[in-house]
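Asker: Sharing input-v6.csv (CSV, C-alpha atoms) below.
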```
chain,number,residue,atom,x,y,z
A,1,MET,CA,-50.4,63.5,-26.5
A,2,PHE,CA,-53.6,63.2,-24.5
A,3,PRO,CA,-53.8,65.4,-21.4
A,4,ILE,CA,-53.8,63.4,-18.1
A,5,THR,CA,-56.9,64.7,-16.4
A,6,PRO,CA,-58.6,63.3,-13.2
A,7,GLU,CA,-61.5,62.2,-15.4
A,8,ALA,CA,-59.1,60.1,-17.6
A,9,ILE,CA,-57.5,58.5,-14.6
A,10,SER,CA,-60.9,57.7,-13.1
A,11,ALA,CA,-62.0,56.1,-16.4
A,12,ASP,CA,-58.8,54.0,-16.5
A,13,ILE,CA,-59.4,52.8,-12.9
A,14,TRP,CA,-62.9,51.6,-13.8
A,15,ILE,CA,-61.5,49.8,-16.9
A,16,VAL,CA,-59.1,48.0,-14.6
A,17,ALA,CA,-61.9,47.3,-12.2
A,18,LYS,CA,-64.0,45.9,-15.1
A,19,VAL,CA,-61.2,43.4,-16.0
A,20,PHE,CA,-61.0,42.3,-12.3
A,21,PHE,CA,-64.7,41.9,-12.1
A,22,LEU,CA,-64.8,39.8,-15.3
A,23,VAL,CA,-61.8,37.6,-14.3
A,24,GLY,CA,-63.5,37.1,-10.9
A,25,LEU,CA,-66.8,36.2,-12.4
A,26,SER,CA,-65.1,33.8,-14.9
A,27,LEU,CA,-63.4,32.0,-12.0
A,28,TYR,CA,-66.8,31.9,-10.2
A,29,ASP,CA,-68.3,30.2,-13.4
A,30,VAL,CA,-65.7,27.5,-13.1
A,31,PHE,CA,-66.6,27.1,-9.4
A,32,ALA,CA,-70.3,26.9,-10.3
A,33,PHE,CA,-69.5,24.2,-12.9
A,34,VAL,CA,-67.5,22.3,-10.2
A,35,ILE,CA,-70.6,22.4,-8.0
A,36,VAL,CA,-72.8,20.9,-10.7
A,37,ARG,CA,-70.3,18.1,-11.3
A,38,GLN,CA,-69.9,17.4,-7.6
A,39,VAL,CA,-73.6,17.3,-7.0
A,40,ASP,CA,-73.8,14.8,-9.9
A,41,GLN,CA,-71.1,12.7,-8.1
A,42,MET,CA,-72.9,13.0,-4.8
A,43,THR,CA,-76.3,11.9,-6.2
A,44,LYS,CA,-74.6,8.9,-7.8
A,45,THR,CA,-73.1,8.0,-4.5
A,46,LEU,CA,-76.4,8.2,-2.6
A,47,GLU,CA,-79.9,8.1,-3.9
A,48,VAL,CA,-82.7,8.7,-1.5
A,49,GLY,CA,-85.3,10.4,-3.7
A,50,PHE,CA,-84.4,14.1,-3.4
A,51,GLU,CA,-81.7,14.3,-6.1
A,52,THR,CA,-83.7,16.1,-8.7
A,53,PRO,CA,-84.4,19.4,-6.8
A,54,ILE,CA,-80.7,19.5,-5.7
A,55,ARG,CA,-79.5,19.0,-9.3
A,56,ILE,CA,-82.0,21.7,-10.5
A,57,PHE,CA,-80.8,24.2,-7.9
A,58,ALA,CA,-77.1,23.5,-8.8
A,59,PHE,CA,-77.9,23.9,-12.5
A,60,LEU,CA,-79.9,27.1,-12.0
A,61,HIS,CA,-76.9,28.4,-10.0
A,62,LEU,CA,-74.6,27.7,-12.9
A,63,ILE,CA,-77.0,29.4,-15.4
A,64,ALA,CA,-77.2,32.4,-13.0
A,65,ALA,CA,-73.4,32.6,-12.8
A,66,PHE,CA,-73.0,32.5,-16.6
A,67,SER,CA,-75.8,35.1,-17.0
A,68,LEU,CA,-74.2,37.4,-14.5
A,69,THR,CA,-70.8,37.2,-16.3
A,70,LEU,CA,-72.6,38.0,-19.6
A,71,PHE,CA,-74.5,40.9,-17.9
A,72,ALA,CA,-71.2,42.2,-16.5
A,73,LEU,CA,-69.6,42.0,-19.9
A,74,MET,CA,-72.4,44.1,-21.4
A,75,VAL,CA,-73.0,46.7,-18.7
A,76,LEU,CA,-69.5,47.3,-17.2
B,1,MET,CA,-84.6,-12.1,11.4
B,2,ALA,CA,-86.8,-9.1,10.7
B,3,ALA,CA,-88.6,-9.9,13.9
B,4,ALA,CA,-85.5,-9.1,15.8
B,5,HIS,CA,-85.7,-5.5,14.6
B,6,THR,CA,-89.4,-5.0,15.1
B,7,LYS,CA,-89.8,-6.3,18.6
B,8,HIS,CA,-88.5,-3.1,20.2
B,9,THR,CA,-90.3,0.2,19.8
B,10,HIS,CA,-88.8,2.8,17.4
B,11,PRO,CA,-89.4,6.5,17.5
B,12,LYS,CA,-91.9,7.7,14.9
B,13,THR,CA,-89.8,7.6,11.8
B,14,SER,CA,-90.4,9.3,8.5
B,15,GLN,CA,-89.7,8.0,5.1
B,16,SER,CA,-89.1,11.5,3.9
B,17,PRO,CA,-85.8,11.8,1.9
B,18,LEU,CA,-84.9,14.7,4.2
B,19,ALA,CA,-85.4,12.7,7.5
B,20,ALA,CA,-82.4,12.6,9.8
B,21,TYR,CA,-83.5,9.2,11.3
B,22,CYS,CA,-85.0,6.8,8.9
B,23,TYR,CA,-85.7,3.2,10.0
B,24,ASN,CA,-86.0,0.6,7.3
B,25,PRO,CA,-85.9,3.2,4.5
B,26,THR,CA,-87.5,2.0,1.3
B,27,HIS,CA,-85.8,4.0,-1.4
B,28,VAL,CA,-82.2,4.1,-0.5
B,29,HIS,CA,-79.5,3.2,-3.0
B,30,PHE,CA,-75.8,3.9,-2.4
B,31,ILE,CA,-72.5,3.1,-4.0
B,32,GLY,CA,-70.8,-0.1,-2.8
B,33,ALA,CA,-74.0,-1.8,-1.6
B,34,ASP,CA,-74.5,-5.5,-2.4
B,35,ARG,CA,-77.6,-6.4,-4.3
B,36,ASP,CA,-79.3,-8.3,-1.5
B,37,GLU,CA,-78.1,-5.9,1.3
B,38,LYS,CA,-81.0,-4.5,3.2
B,39,VAL,CA,-80.7,-1.0,4.7
B,40,HIS,CA,-82.0,-0.8,8.3
B,41,LEU,CA,-81.0,2.8,9.2
B,42,LEU,CA,-80.3,5.9,7.3
B,43,LEU,CA,-79.0,8.7,9.6
B,44,ARG,CA,-77.9,12.3,9.3
B,45,ARG,CA,-77.0,14.9,11.8
B,46,HIS,CA,-79.9,16.2,13.7
B,47,PRO,CA,-81.7,19.1,11.8
B,48,ILE,CA,-81.0,21.4,14.8
B,49,THR,CA,-77.3,21.3,13.8
B,50,ASN,CA,-78.3,23.2,10.7
B,51,VAL,CA,-79.4,26.3,12.7
B,52,PRO,CA,-76.1,28.1,12.7
B,53,TRP,CA,-75.7,28.1,8.9
B,54,ILE,CA,-79.4,28.9,8.4
B,55,LEU,CA,-79.0,32.0,10.6
B,56,SER,CA,-75.8,32.9,8.7
B,57,SER,CA,-77.7,32.6,5.5
B,58,ILE,CA,-80.5,34.9,6.7
B,59,LEU,CA,-77.9,37.4,7.8
B,60,LEU,CA,-76.1,37.2,4.4
B,61,ILE,CA,-79.5,37.7,2.6
B,62,PHE,CA,-80.3,40.9,4.6
B,63,LEU,CA,-76.8,42.3,4.8
B,64,PRO,CA,-77.0,44.4,1.6
B,65,LEU,CA,-80.2,46.1,2.8
B,66,PRO,CA,-78.5,48.8,4.9
B,67,LEU,CA,-76.9,50.0,1.7
B,68,VAL,CA,-80.3,51.6,1.0
B,69,TYR,CA,-79.9,53.8,4.0
B,70,PHE,CA,-76.1,54.0,4.2
B,71,PRO,CA,-74.8,54.2,0.6
B,72,LEU,CA,-71.3,52.9,1.3
B,73,LEU,CA,-70.7,52.0,-2.3
B,74,THR,CA,-71.3,55.5,-3.8
B,75,PHE,CA,-67.7,55.6,-4.8
B,76,MET,CA,-68.5,53.0,-7.5
B,77,PRO,CA,-70.5,53.7,-10.6
B,78,GLU,CA,-74.1,52.4,-10.4
B,79,ARG,CA,-73.5,49.6,-12.9
B,80,PHE,CA,-70.7,48.2,-10.7
B,81,VAL,CA,-72.9,48.4,-7.6
B,82,ILE,CA,-75.6,46.4,-9.4
B,83,VAL,CA,-73.1,43.7,-10.5
B,84,THR,CA,-71.6,43.6,-7.0
B,85,ILE,CA,-75.0,43.1,-5.3
B,86,LEU,CA,-76.1,40.4,-7.8
B,87,PHE,CA,-72.8,38.6,-7.2
B,88,TRP,CA,-73.4,38.8,-3.5
B,89,TYR,CA,-76.7,37.0,-3.8
B,90,LEU,CA,-75.2,34.4,-6.2
B,91,ALA,CA,-72.5,33.6,-3.7
B,92,THR,CA,-75.0,33.5,-0.9
B,93,SER,CA,-77.1,30.9,-2.9
B,94,ALA,CA,-73.9,28.9,-3.4
B,95,TYR,CA,-73.2,29.0,0.3
B,96,ILE,CA,-76.7,27.8,1.1
B,97,LEU,CA,-76.5,25.0,-1.5
B,98,GLU,CA,-73.1,23.9,-0.3
B,99,ARG,CA,-74.2,23.8,3.4
B,100,PHE,CA,-77.4,22.0,2.5
B,101,ILE,CA,-75.8,19.3,0.4
B,102,THR,CA,-73.0,18.8,3.0
B,103,TRP,CA,-75.7,18.0,5.5
B,104,PHE,CA,-77.8,16.0,3.1
B,105,PHE,CA,-75.1,13.7,1.7
B,106,ASN,CA,-73.1,13.2,4.9
B,107,VAL,CA,-75.0,10.1,6.0
B,108,TYR,CA,-74.6,7.1,8.1
B,109,ILE,CA,-76.0,3.8,6.8
B,110,VAL,CA,-76.6,0.6,8.8
B,111,THR,CA,-77.4,-2.4,6.7
B,112,ASP,CA,-77.8,-6.0,7.7
B,113,GLU,CA,-74.2,-6.6,6.8
B,114,ARG,CA,-72.2,-3.4,7.3
B,115,VAL,CA,-72.1,0.1,8.7
B,116,PHE,CA,-71.2,3.0,6.4
B,117,ASP,CA,-70.0,6.5,7.1
B,118,VAL,CA,-70.3,8.6,4.0
B,119,ASP,CA,-68.4,11.9,4.4
B,120,PHE,CA,-68.2,14.8,1.9
B,121,HIS,CA,-65.8,17.1,3.7
B,122,ASN,CA,-66.2,19.7,1.0
B,123,LEU,CA,-67.2,19.9,-2.6
B,124,VAL,CA,-64.2,17.9,-3.9
B,125,TYR,CA,-63.4,15.5,-1.1
B,126,ARG,CA,-65.3,12.3,-0.5
B,127,GLU,CA,-64.6,9.6,2.0
B,128,ILE,CA,-66.6,6.4,2.6
B,129,SER,CA,-65.7,4.1,5.5
B,130,ASP,CA,-67.4,0.8,6.2
B,131,ALA,CA,-67.1,-2.1,8.6
B,132,ASN,CA,-68.8,-5.4,8.8
B,133,ILE,CA,-71.4,-5.9,11.5
B,134,ASP,CA,-69.5,-8.9,12.8
B,135,ALA,CA,-66.4,-6.7,13.2
B,136,ILE,CA,-68.1,-4.4,15.7
B,137,GLN,CA,-66.6,-4.8,19.1
B,138,ASP,CA,-68.1,-2.0,21.1
B,139,VAL,CA,-70.8,0.6,20.6
B,140,THR,CA,-70.8,3.7,22.8
B,141,VAL,CA,-73.5,6.4,23.0
B,142,ILE,CA,-72.4,9.9,23.9
B,143,ILE,CA,-74.9,12.6,24.7
B,144,GLY,CA,-73.0,15.5,26.2
B,145,SER,CA,-75.1,18.6,26.6
B,146,VAL,CA,-78.5,19.9,27.7
B,147,ILE,CA,-79.7,20.6,24.2
B,148,ARG,CA,-78.6,17.1,23.1
B,149,THR,CA,-80.4,15.5,26.0
B,150,THR,CA,-83.5,17.6,25.4
B,151,LEU,CA,-83.7,16.9,21.7
B,152,ASP,CA,-82.5,13.3,22.0
B,153,TYR,CA,-79.5,13.4,19.8
B,154,GLY,CA,-75.8,12.5,20.2
B,155,ASP,CA,-72.8,10.6,19.0
B,156,VAL,CA,-72.6,6.8,18.5
B,157,VAL,CA,-69.0,5.6,18.5
B,158,ILE,CA,-68.5,2.2,17.0
B,159,GLN,CA,-65.2,0.4,17.8
B,160,THR,CA,-64.4,-2.2,15.2
B,161,SER,CA,-61.7,-4.9,14.6
B,162,ALA,CA,-61.7,-3.9,10.9
B,163,GLU,CA,-59.1,-1.8,9.1
B,164,ILE,CA,-60.9,1.3,10.3
B,165,PRO,CA,-60.8,1.0,14.1
B,166,GLN,CA,-63.6,3.5,14.7
B,167,ILE,CA,-66.6,4.8,13.0
B,168,GLU,CA,-68.4,7.7,14.6
B,169,PHE,CA,-72.0,8.7,13.9
B,170,GLN,CA,-72.0,12.3,14.9
B,171,ALA,CA,-75.0,14.2,16.3
B,172,VAL,CA,-77.6,11.6,15.1
B,173,PRO,CA,-81.1,11.5,16.4
B,174,HIS,CA,-82.2,8.8,18.9
B,175,PRO,CA,-78.6,7.4,19.5
B,176,ASP,CA,-79.9,4.8,22.0
B,177,GLN,CA,-82.2,3.4,19.4
B,178,VAL,CA,-79.3,3.3,16.9
B,179,ALA,CA,-77.2,1.4,19.5
B,180,GLN,CA,-80.1,-1.0,20.0
B,181,VAL,CA,-80.4,-1.7,16.3
B,182,LEU,CA,-76.6,-2.3,16.1
B,183,ARG,CA,-76.8,-4.7,19.1
B,184,ASP,CA,-79.7,-6.6,17.4
B,185,LEU,CA,-77.8,-6.9,14.1
B,186,ARG,CA,-74.7,-8.2,15.9
B,187,VAL,CA,-76.8,-10.8,17.7
B,188,GLN,CA,-78.4,-11.7,14.3
B,189,GLU,CA,-75.0,-12.0,12.7
B,190,GLU,CA,-73.7,-14.2,15.5
B,191,GLN,CA,-76.8,-16.4,15.1
B,192,GLU,CA,-76.2,-16.6,11.3
B,193,LYS,CA,-72.6,-17.7,12.0
B,194,ILE,CA,-73.7,-20.4,14.4
B,195,GLU,CA,-76.2,-21.6,11.9
B,196,GLY,CA,-73.7,-21.4,9.1
B,197,ARG,CA,-75.8,-18.9,7.1
B,198,VAL,CA,-73.0,-16.3,6.7
B,199,ARG,CA,-73.2,-14.4,3.4
```
Translate the structure described by the file into structure tokens.

Answerer:
Amino acid sequence: MFPITPEAISADIWIVAKVFFLVGLSLYDVFAFVIVRQVDQMTKTLEVGFETPIRIFAFLHLIAAFSLTLFALMVL
Amino acid sequence: MAAAHTKHTHPKTSQSPLAAYCYNPTHVHFIGADRDEKVHLLLRRHPITNVPWILSSILLIFLPLPLVYFPLLTFMPERFVIVTILFWYLATSAYILERFITWFFNVYIVTDERVFDVDFHNLVYREISDANIDAIQDVTVIIGSVIRTTLDYGDVVIQTSAEIPQIEFQAVPHPDQVAQVLRDLRVQEEQEKIEGRVR
């Protein structure tokens, strides 16, 4: 049996926190993907000549979301 | 026909894709438009209506800065703090994008045949209402506050005999000019009916 020390409890709490962070970030990735799809739909509905910057911003946001999830997976 | 729209003066309009009042825009294509349908007006809410969310965004950007002086997240390991702050800025950028595209894509379009109200209520809900110009029964301009009077923007309420009884252009710039364009188009449409040139 391993002794239950405050340090061990603290370590367990942060493992649980890590799982919560990763689940939350994964859900956020889905949200970021929905934004890209919706921006795509919006730009198909209305074209006025400013679609490319909006698409790029939405895509960069998706990449940033995926990158943060990977970063969290590595450092947490 | 075009003369009917050029005889009255229009405020200086921009052809910028970000303009809130665009008279005779040259590069507008939208879903549901007929091939020979000519767009006369492209309208959005007045840019001043964006001020609240822009201020909120600035606040969100600077909100984590006090953490430098008041380390409220010291109970967390440093790696968790870094991920939390990065996530904060990611969510802030999503908020800014969502508010901007909501303003940008919620447009009102007046063509020579119809009026359109394109609404994106949120990221997953789209609603496009339209009514024929000849179904317009009444156009009411509502400018209801000091700031609206000063900056010349307000609501244009269009009563129609179509399936959708009312289309409302909310907080658009130069509402009197918009009403004037709609009046001219109705006259033009009546004239086309009399002359038997209805499309």

Asker: Just want the 9 Å neighbourhood of Val107 in chain B, counted on only C-alpha atoms, with same-chain residues fewer than 3 positions away dropped. Output as a PDB file with C-alpha atoms, in the coordinates of the input.

Answerer:
```
ATOM      1  CA  LEU A  46     -76.400   8.200  -2.600  1.00  0.00           C
TER       2      LEU A  46
ATOM      3  CA  ALA B  20     -82.400  12.600   9.800  1.00  0.00           C
ATOM      4  CA  LEU B  42     -80.300   5.900   7.300  1.00  0.00           C
ATOM      5  CA  LEU B  43     -79.000   8.700   9.600  1.00  0.00           C
ATOM      6  CA  ARG B  44     -77.900  12.300   9.300  1.00  0.00           C
ATOM      7  CA  ARG B  45     -77.000  14.900  11.800  1.00  0.00           C
ATOM      8  CA  TRP B 103     -75.700  18.000   5.500  1.00  0.00           C
ATOM      9  CA  PHE B 104     -77.800  16.000   3.100  1.00  0.00           C
ATOM     10  CA  PHE B 116     -71.200   3.000   6.400  1.00  0.00           C
ATOM     11  CA  ASP B 117     -70.000   6.500   7.100  1.00  0.00           C
ATOM     12  CA  VAL B 118     -70.300   8.600   4.000  1.00  0.00           C
ATOM     13  CA  ASP B 119     -68.400  11.900   4.400  1.00  0.00           C
ATOM     14  CA  PHE B 169     -72.000   8.700  13.900  1.00  0.00           C
TER      15      PHE B 169
END
```

Asker: Within 10 Å of chain B, which residues of chain A come that close, and what is the closest atom pair and distance in Å for each? Count all atoms listed in the file and give it as CSV.

Answerer:
```
residue,atom,partner,partner_atom,distance
A:Trp14,CA,B:Pro77,CA,8.5
A:Ala17,CA,B:Phe80,CA,9.0
A:Lys18,CA,B:Phe80,CA,8.3
A:Phe21,CA,B:Val83,CA,8.7
A:Leu25,CA,B:Phe87,CA,8.3
A:Tyr28,CA,B:Ala91,CA,8.8
A:Phe31,CA,B:Ala94,CA,9.6
A:Ala32,CA,B:Ala94,CA,8.0
A:Val34,CA,B:Leu123,CA,8.0
A:Ile35,CA,B:Leu123,CA,6.9
A:Val36,CA,B:Leu123,CA,9.9
A:Arg37,CA,B:Leu123,CA,9.4
A:Gln38,CA,B:Leu123,CA,6.2
A:Val39,CA,B:Ile101,CA,8.0
A:Gln41,CA,B:Arg126,CA,9.6
A:Met42,CA,B:Phe105,CA,6.9
A:Thr43,CA,B:Phe105,CA,8.2
A:Lys44,CA,B:Ile31,CA,7.2
A:Thr45,CA,B:Ile31,CA,5.0
A:Leu46,CA,B:Phe30,CA,4.3
A:Glu47,CA,B:His29,CA,5.0
A:Val48,CA,B:Val28,CA,4.7
A:Gly49,CA,B:Pro17,CA,5.8
A:Phe50,CA,B:Pro17,CA,5.9
A:Glu51,CA,B:Pro17,CA,9.3
A:Ile54,CA,B:Ile101,CA,7.8
A:Phe57,CA,B:Leu97,CA,7.8
A:Ala58,CA,B:Leu97,CA,7.5
A:His61,CA,B:Ala94,CA,7.3
A:Leu62,CA,B:Leu90,CA,9.5
A:Ala64,CA,B:Leu90,CA,7.4
A:Ala65,CA,B:Leu90,CA,7.1
A:Leu68,CA,B:Phe87,CA,7.5
A:Thr69,CA,B:Val83,CA,9.0
A:Phe71,CA,B:Val83,CA,8.0
A:Ala72,CA,B:Val83,CA,6.5
A:Val75,CA,B:Arg79,CA,6.5
A:Leu76,CA,B:Arg79,CA,6.3
```

Asker: What is the distance, in Å and to one decimal place, between CA of Asp134 in chain B and CA of Asp155 in chain B?

Answerer: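 Atom-to-atom, CA of Asp134 in chain B to CA of Asp155 in chain B, that is 20.7 Å.
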
Asker: Pro47 in chain B: which residues within 12 Å, counting only C-alpha atoms, same-chain residues fewer than 5 positions away excluded, as an MDAnalysis selection string?

Answerer: chainID B and resid 18:21 52:54 100 103:104 148 151:153 171:173

Asker: Between CA of Leu27 in chain A and CA of Leu73 in chain A, what is the spacing in Å?

Answerer: 14.2 Å

Asker: As an exercise, work out the distance from CA of Leu55 in chain B to CA of Val30 in chain A in Å and give it to one decimal place.

Answerer: 27.5 Å

Asker: With distances taken over only C-alpha atoms, which of B:Thr140, B:Phe75, B:Phe62, B:Leu185 is nearest to Ile13 in chain A?

Answerer: B:Phe75

Asker: Could you check which of B:Ser161, B:Gln170, B:Ser14, B:Gln177 is closest to Thr49 in chain B, using only C-alpha atoms?

Answerer: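 Of all the options, B:Gln170 lies closest to Thr49 in chain B.
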
Asker: For each of A:Ile56, A:Ile63, A:Met74, A:Ala11, take the minimum atom-to-atom distance to Asp29 in chain A, counting all atoms listed in the file, then give the residue where this is smallest.

Answerer: A:Ile63

Asker: Considering only C-alpha atoms, return as a ChimeraX atom specification whatever protein or nucleic-acid residues lie within 7 Å of Val39 in chain B, sequence-local ones (same chain, fewer than 5 positions apart) excluded.

Answerer: /B:24-25,110-112

Asker: Please complete range 46-60 of chain B so it has N, CA and C atoms, and hand it over as a short mmCIF file (atom, residue, chain, number, x, y, z; two decimals), keeping the file's coordinate frame.

Answerer:
```
data_model
loop_
_atom_site.label_atom_id
_atom_site.label_comp_id
_atom_site.auth_asym_id
_atom_site.auth_seq_id
_atom_site.Cartn_x
_atom_site.Cartn_y
_atom_site.Cartn_z
N HIS B 46 -78.64 15.66 13.32
CA HIS B 46 -79.90 16.20 13.70
C HIS B 46 -80.17 17.54 13.01
N PRO B 47 -81.41 17.80 12.56
CA PRO B 47 -81.70 19.10 11.80
C PRO B 47 -81.29 20.32 12.64
N ILE B 48 -81.32 20.22 13.97
CA ILE B 48 -81.00 21.40 14.80
C ILE B 48 -79.52 21.84 14.51
N THR B 49 -78.68 20.92 14.06
CA THR B 49 -77.30 21.30 13.80
C THR B 49 -77.17 22.20 12.56
N ASN B 50 -78.28 22.34 11.83
CA ASN B 50 -78.30 23.20 10.70
C ASN B 50 -78.57 24.70 11.04
N VAL B 51 -79.01 24.90 12.27
CA VAL B 51 -79.40 26.30 12.70
C VAL B 51 -78.34 27.31 12.47
N PRO B 52 -77.07 27.05 12.86
CA PRO B 52 -76.10 28.10 12.70
C PRO B 52 -75.92 28.58 11.23
N TRP B 53 -75.86 27.64 10.28
CA TRP B 53 -75.70 28.10 8.90
C TRP B 53 -76.96 28.71 8.32
N ILE B 54 -78.12 28.29 8.83
CA ILE B 54 -79.40 28.90 8.40
C ILE B 54 -79.42 30.37 8.84
N LEU B 55 -79.01 30.60 10.10
CA LEU B 55 -79.00 32.00 10.60
C LEU B 55 -77.97 32.82 9.84
N SER B 56 -76.80 32.19 9.54
CA SER B 56 -75.80 32.90 8.70
C SER B 56 -76.35 33.29 7.38
N SER B 57 -77.09 32.36 6.79
CA SER B 57 -77.70 32.60 5.50
C SER B 57 -78.65 33.76 5.49
N ILE B 58 -79.50 33.77 6.54
CA ILE B 58 -80.50 34.90 6.70
C ILE B 58 -79.74 36.20 6.81
N LEU B 59 -78.67 36.18 7.59
CA LEU B 59 -77.90 37.40 7.80
C LEU B 59 -77.27 37.84 6.43
N LEU B 60 -76.74 36.87 5.67
CA LEU B 60 -76.10 37.20 4.40
C LEU B 60 -77.18 37.77 3.40
#
```
